[in-house]
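Undergrad: Have a peek at coords_36.tsv (TSV, C-alpha atoms).
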```
chain	number	residue	atom	x	y	z
D	1	MET	CA	154.72	39.98	111.85
D	2	THR	CA	153.12	43.20	112.95
D	3	THR	CA	149.68	44.54	112.18
D	4	LYS	CA	151.43	47.55	110.65
D	5	ASN	CA	152.85	45.31	107.90
D	6	LEU	CA	149.45	43.74	107.33
D	7	ALA	CA	147.78	47.15	107.17
D	8	THR	CA	150.35	48.38	104.65
D	9	ALA	CA	149.75	45.33	102.44
D	10	LEU	CA	145.96	45.78	102.68
D	11	ILE	CA	146.23	49.44	101.72
D	12	LYS	CA	148.32	48.50	98.67
D	13	PHE	CA	145.83	45.81	97.73
D	14	HIS	CA	142.81	48.10	98.07
D	15	SER	CA	144.51	50.89	96.11
D	16	SER	CA	145.35	48.56	93.19
D	17	GLY	CA	141.95	49.23	91.66
D	18	ALA	CA	141.51	45.56	90.76
D	19	ALA	CA	138.01	44.64	89.64
D	20	ALA	CA	136.57	41.28	88.67
D	21	LYS	CA	135.21	41.13	85.12
D	22	LYS	CA	131.44	40.99	84.80
D	23	ALA	CA	131.34	38.11	82.33
D	24	ALA	CA	128.58	35.86	83.72
D	25	ASN	CA	124.98	36.34	82.56
D	26	ASN	CA	121.96	36.77	84.82
D	27	PRO	CA	118.98	35.89	82.62
D	28	PHE	CA	116.43	36.93	85.26
D	29	PHE	CA	117.60	40.54	85.37
D	30	LYS	CA	119.13	40.46	81.86
D	31	SER	CA	122.43	41.69	83.23
D	32	LYS	CA	126.02	40.62	83.69
D	33	TYR	CA	127.81	39.95	86.96
D	34	ALA	CA	131.20	38.81	88.23
D	35	SER	CA	131.06	35.10	89.09
D	36	LEU	CA	132.46	33.84	92.37
D	37	GLU	CA	135.27	32.11	90.46
D	38	GLU	CA	136.19	35.41	88.75
D	39	VAL	CA	136.16	37.30	92.06
D	40	ILE	CA	138.40	34.70	93.74
D	41	GLU	CA	140.80	34.62	90.79
D	42	THR	CA	141.06	38.43	90.73
D	43	VAL	CA	141.59	38.70	94.49
D	44	ARG	CA	144.22	35.95	94.56
D	45	ALA	CA	146.18	37.53	91.69
D	46	GLU	CA	146.15	41.07	93.06
D	47	ALA	CA	146.57	40.16	96.73
D	48	GLY	CA	149.53	37.94	95.88
D	49	LYS	CA	151.37	40.92	94.43
D	50	VAL	CA	151.50	42.51	97.90
D	51	GLY	CA	152.14	39.31	99.87
D	52	LEU	CA	148.56	38.51	100.87
D	53	THR	CA	146.63	35.30	100.44
D	54	PHE	CA	143.58	33.70	101.97
D	55	THR	CA	141.94	30.37	102.57
D	56	GLN	CA	138.30	29.55	103.22
D	57	LEU	CA	137.00	26.78	105.43
D	58	VAL	CA	133.44	25.48	105.41
D	59	ASP	CA	132.03	24.57	108.80
D	60	PHE	CA	128.73	23.60	110.42
D	61	GLU	CA	127.27	24.68	113.74
D	62	ASP	CA	123.72	24.18	115.02
D	63	ASN	CA	122.40	23.23	111.56
D	64	VAL	CA	124.00	26.34	110.04
D	65	ILE	CA	126.62	26.17	107.30
D	66	PHE	CA	129.16	28.98	107.25
D	67	VAL	CA	132.44	29.90	105.61
D	68	LYS	CA	135.39	31.18	107.62
D	69	THR	CA	137.91	33.25	105.65
D	70	ILE	CA	141.48	33.42	106.95
D	71	LEU	CA	143.71	36.19	105.64
D	72	MET	CA	147.47	35.54	105.67
D	73	HIS	CA	150.45	37.83	105.13
```
Could the structure of this file be written out as structure tokens, please?
TA:
Amino acid sequence: MTTKNLATALIKFHSSGAAAKKAANNPFFKSKYASLEEVIETVRAEAGKVGLTFTQLVDFEDNVIFVKTILMH
């Protein structure tokens, strides 16, 4: 695999215009927002169309929790 192929797939993904639906309610601000589940579902569906996927790993280091996202093509 070359980075050129990855870049081409990312460009196609970004130009798809996909947007997560703002269906969750925020009672504090009386507004709607896209939930994390909706964002992940939207990204997986649209990225898959151009051969992209991702996985996320939770890790701990020095009492800090972090998420590592790995993009695959």
Undergrad: Can you pull out the residues contacting Ile70 in chain D? Cut-off 10 Å, using all atoms listed in the file, and skip same-chain residues under 4 positions away; I want them as a ChimeraX atom specification.
TA: /D:53-57
Undergrad: Tell me, as a list of chain:residue names, which residues lie within 8 Å of range 20-30 of chain D, counting all atoms listed in the file; anything in the same chain fewer than 5 positions away does not count.
TA: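 The filter keeps D:Ser35, D:Glu38, D:Val39, D:Thr42.
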Undergrad: CA of Asp59 in chain D and CA of Leu71 in chain D are how many Å apart?
TA: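 Atom-to-atom, CA of Asp59 in chain D to CA of Leu71 in chain D, that is 16.8 Å.
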Undergrad: Please indicate the distance in Å from CA of Lys12 in chain D to CA of Arg44 in chain D, rounded to one decimal place.
TA: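 Interatomic distance, CA of Lys12 in chain D to CA of Arg44 in chain D: 13.8 Å.
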Undergrad: Which neighbours of Ala47 in chain D fall inside 10 Å, counting only C-alpha atoms, when residues of the same chain fewer than 3 positions from it are skipped, and could you give them as number ranges by chain?
TA: D: 9-10, 12-14, 16, 18, 41-44, 50-54, 73
Undergrad: Return the single residue from D:Asn5, D:Ile11, D:Ala19, D:Phe66 that is closest to Ile40 in chain D, with distances computed using only C-alpha atoms.
TA: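 Of all the options, D:Ala19 lies closest to Ile40 in chain D.
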Undergrad: Record the distance separating CA of Glu37 in chain D and CA of Thr3 in chain D, expressed in Å with one decimal.
TA: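 Value for the CA of Glu37 in chain D-CA of Thr3 in chain D distance: 28.9 Å.
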